[in-house]
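Written below as structure tokens is the structure these notes are about.
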Amino acid sequence: MNEVIKTIEERRSIRAFRDEQITKEQLETILEAGSYAPSGMGQQASMMVAVQDLQIIAQMSGMNAQVMGMDIDPFYGAPTVVVVFADKDRLTYVEDGSLVIGTMMLAAASIGVDSCWIHRAKETFETEEGKALKKQWGVPENYVGIGNCILGYREGELPDAAERKPGRIVCV
């Protein structure tokens, strides 16, 4: 089987991580892959902020949980969080940022790193605390949060794939 198709079929969203940081080389590979994600008119109007500082991750986790109105860790203990932002002035900003996250998740799976998309980046970075982080990181004001890609090594076995729902493919 083609290795890309195999990675697509075997990748899973992971929600339990070991207390072990991914390597610098793995992070660089994943970020580089994300930079090659397709974008509307080739504008590349998205931005990735990789966070491995555990205090900042805890801060962002708390902010994200507050948006949900829950007292949990929405990042599931992952040691790396990549926040993806995109230029809201571009027509395809949501799609562009989403493709970056999807590309990073597939790249991660291909090199033995587990991942999960965590939502609420938009709401998190619209708060005053979120705006302050964006400013600290040099993220332009017109860039909005698209999502968070958490990365690490899973705790436990790789889950089985859910059965594919019928009727999702129509060929005309």
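Convention: chains lettered A, B, ... in structure tokens order; per-chain residue numbering from 1; ligands numbered from 1 as shown.
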Counting only C-alpha atoms, what is within 7 Å of Gly145 (chain A), bar same-chain residues fewer than 6 positions away, as a list in words?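 Everything that qualifies: Val84, Phe85, Ala86, Ala121, Lys122 and Phe125 of chain A.
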Residues flagged alpha helix (DSSP H) by DSSP in region 4-172 of chain A, as JSON, numbers by chain: {"A": [4, 5, 6, 7, 8, 9, 10, 24, 25, 26, 27, 28, 29, 30, 31, 32, 33, 34, 35, 54, 55, 56, 57, 58, 59, 60, 61, 62, 63, 64, 65, 66, 67, 68, 93, 94, 95, 96, 97, 98, 99, 100, 101, 102, 103, 104, 105, 106, 107, 108, 109, 110, 121, 122, 123, 124, 128, 129, 130, 131, 132, 133, 134, 135, 136, 137]}
I want to know what sits within 9 Å of region 96-106 of chain A, based on only C-alpha atoms, with residues of the same chain fewer than 3 positions away left out; could you give that as an MDAnalysis selection string? chainID A and resid 4 7:8 11 13 29:40 44:48 82:86 92:93 109:111 113:117 145:151
Just-selected residues, N, CA and C atoms written as a CSV table (one decimal), in the first residue's frame:
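What ended up in result35.csv:
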chain,number,residue,atom,x,y,z
A,4,VAL,N,1.6,7.1,2.0
A,4,VAL,CA,0.7,8.3,2.3
A,4,VAL,C,-0.7,7.8,2.7
A,7,THR,N,-0.6,6.0,6.1
A,7,THR,CA,-0.6,7.0,7.2
A,7,THR,C,-2.0,7.6,7.4
A,8,ILE,N,-2.7,8.0,6.3
A,8,ILE,CA,-4.0,8.6,6.4
A,8,ILE,C,-4.9,7.6,7.1
A,11,ARG,N,-3.8,7.0,11.1
A,11,ARG,CA,-3.7,8.1,12.0
A,11,ARG,C,-4.9,8.2,12.9
A,13,SER,N,-6.8,10.4,16.4
A,13,SER,CA,-6.7,11.5,17.3
A,13,SER,C,-6.4,10.9,18.7
A,29,THR,N,10.2,19.1,11.6
A,29,THR,CA,9.7,18.3,10.4
A,29,THR,C,8.2,18.6,10.3
A,30,ILE,N,7.5,18.5,11.4
A,30,ILE,CA,6.0,18.7,11.4
A,30,ILE,C,5.7,20.2,11.0
A,31,LEU,N,6.4,21.1,11.5
A,31,LEU,CA,6.2,22.5,11.2
A,31,LEU,C,6.5,22.8,9.7
A,32,GLU,N,7.5,22.3,9.2
A,32,GLU,CA,7.9,22.4,7.8
A,32,GLU,C,6.8,21.9,6.9
A,33,ALA,N,6.3,20.7,7.3
A,33,ALA,CA,5.2,20.1,6.5
A,33,ALA,C,4.0,21.0,6.5
A,34,GLY,N,3.7,21.6,7.7
A,34,GLY,CA,2.5,22.5,7.8
A,34,GLY,C,2.7,23.7,6.9
A,35,SER,N,4.0,24.1,6.7
A,35,SER,CA,4.2,25.3,5.8
A,35,SER,C,4.0,25.0,4.4
A,36,TYR,N,3.9,23.7,4.0
A,36,TYR,CA,3.6,23.3,2.6
A,36,TYR,C,2.1,23.0,2.4
A,37,ALA,N,1.3,23.2,3.4
A,37,ALA,CA,-0.2,23.0,3.2
A,37,ALA,C,-0.7,23.9,2.1
A,38,PRO,N,-1.6,23.4,1.3
A,38,PRO,CA,-2.2,24.2,0.3
A,38,PRO,C,-2.9,25.5,0.9
A,39,SER,N,-3.0,26.5,0.2
A,39,SER,CA,-3.6,27.7,0.6
A,39,SER,C,-4.3,28.4,-0.6
A,40,GLY,N,-5.4,29.2,-0.3
A,40,GLY,CA,-6.1,29.9,-1.3
A,40,GLY,C,-5.2,30.8,-2.1
A,44,GLN,N,-0.4,31.6,1.4
A,44,GLN,CA,0.3,31.2,2.6
A,44,GLN,C,0.0,32.2,3.7
A,45,ALA,N,-1.3,32.5,4.0
A,45,ALA,CA,-1.6,33.5,4.9
A,45,ALA,C,-2.0,32.9,6.3
A,46,SER,N,-1.2,31.9,6.7
A,46,SER,CA,-1.4,31.3,8.0
A,46,SER,C,-0.1,31.4,8.8
A,47,MET,N,-0.2,31.1,10.0
A,47,MET,CA,1.0,31.2,10.9
A,47,MET,C,0.9,30.2,12.0
A,48,MET,N,2.0,29.5,12.3
A,48,MET,CA,2.1,28.5,13.3
A,48,MET,C,2.9,29.0,14.5
A,82,VAL,N,0.8,23.4,19.0
A,82,VAL,CA,1.0,24.3,17.9
A,82,VAL,C,-0.3,25.0,17.6
A,83,VAL,N,-0.3,26.4,17.8
A,83,VAL,CA,-1.5,27.2,17.6
A,83,VAL,C,-1.4,27.7,16.1
A,84,VAL,N,-2.5,27.5,15.4
A,84,VAL,CA,-2.5,27.9,14.0
A,84,VAL,C,-3.4,29.1,13.9
A,85,PHE,N,-2.9,30.2,13.3
A,85,PHE,CA,-3.6,31.4,13.1
A,85,PHE,C,-3.7,31.7,11.6
A,86,ALA,N,-4.7,32.4,11.2
A,86,ALA,CA,-4.7,32.8,9.7
A,86,ALA,C,-5.3,34.2,9.6
A,92,THR,N,-10.3,32.6,2.2
A,92,THR,CA,-10.1,31.2,2.6
A,92,THR,C,-9.4,30.9,3.9
A,93,TYR,N,-9.4,31.9,4.8
A,93,TYR,CA,-8.6,31.8,6.0
A,93,TYR,C,-8.9,30.6,6.8
A,109,ALA,N,2.0,11.8,12.3
A,109,ALA,CA,1.8,10.3,12.3
A,109,ALA,C,2.8,9.6,11.4
A,110,SER,N,3.3,10.2,10.4
A,110,SER,CA,4.3,9.6,9.5
A,110,SER,C,5.6,9.4,10.2
A,111,ILE,N,5.9,10.2,11.2
A,111,ILE,CA,7.2,10.1,11.9
A,111,ILE,C,7.1,9.6,13.3
A,113,VAL,N,4.8,10.5,15.8
A,113,VAL,CA,4.3,11.5,16.8
A,113,VAL,C,2.8,11.5,16.7
A,114,ASP,N,2.1,11.5,17.9
A,114,ASP,CA,0.7,11.4,17.9
A,114,ASP,C,0.2,12.9,18.0
A,115,SER,N,-1.1,13.0,17.7
A,115,SER,CA,-1.7,14.4,17.6
A,115,SER,C,-3.2,14.4,17.8
A,116,CYS,N,-3.7,15.6,18.0
A,116,CYS,CA,-5.2,15.8,18.0
A,116,CYS,C,-5.5,17.2,17.7
A,117,TRP,N,-6.5,17.5,17.0
A,117,TRP,CA,-7.0,18.9,16.8
A,117,TRP,C,-7.8,19.3,18.0
A,145,GLY,N,-7.3,32.8,15.6
A,145,GLY,CA,-7.0,31.4,15.9
A,145,GLY,C,-7.9,30.5,15.1
A,146,ILE,N,-7.3,29.5,14.5
A,146,ILE,CA,-8.1,28.5,13.7
A,146,ILE,C,-8.2,27.2,14.5
A,147,GLY,N,-7.1,26.8,15.1
A,147,GLY,CA,-7.2,25.6,16.0
A,147,GLY,C,-5.8,25.3,16.6
A,148,ASN,N,-5.8,24.3,17.5
A,148,ASN,CA,-4.6,23.9,18.2
A,148,ASN,C,-4.3,22.5,17.8
A,149,CYS,N,-3.0,22.2,17.4
A,149,CYS,CA,-2.6,20.9,17.1
A,149,CYS,C,-1.7,20.4,18.2
A,150,ILE,N,-2.2,19.5,19.1
A,150,ILE,CA,-1.4,19.0,20.2
A,150,ILE,C,-0.6,17.8,19.7
A,151,LEU,N,0.7,17.8,20.2
A,151,LEU,CA,1.6,16.7,19.7
A,151,LEU,C,2.3,16.1,20.9
Run DSSP on the backbone and grab whatever in region 8-94 of chain A lands in strand (DSSP E or B); send it over as a VMD selection string. chain A and resid 13 17 46 to 51 80 to 87
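All residues of protein, DNA or RNA that reach within 7 Å of Lys88 (chain A), judged by only C-alpha atoms and not counting those fewer than 3 positions away in the chain, are Tyr93, Asn142, Tyr143 and Val144 of chain A.
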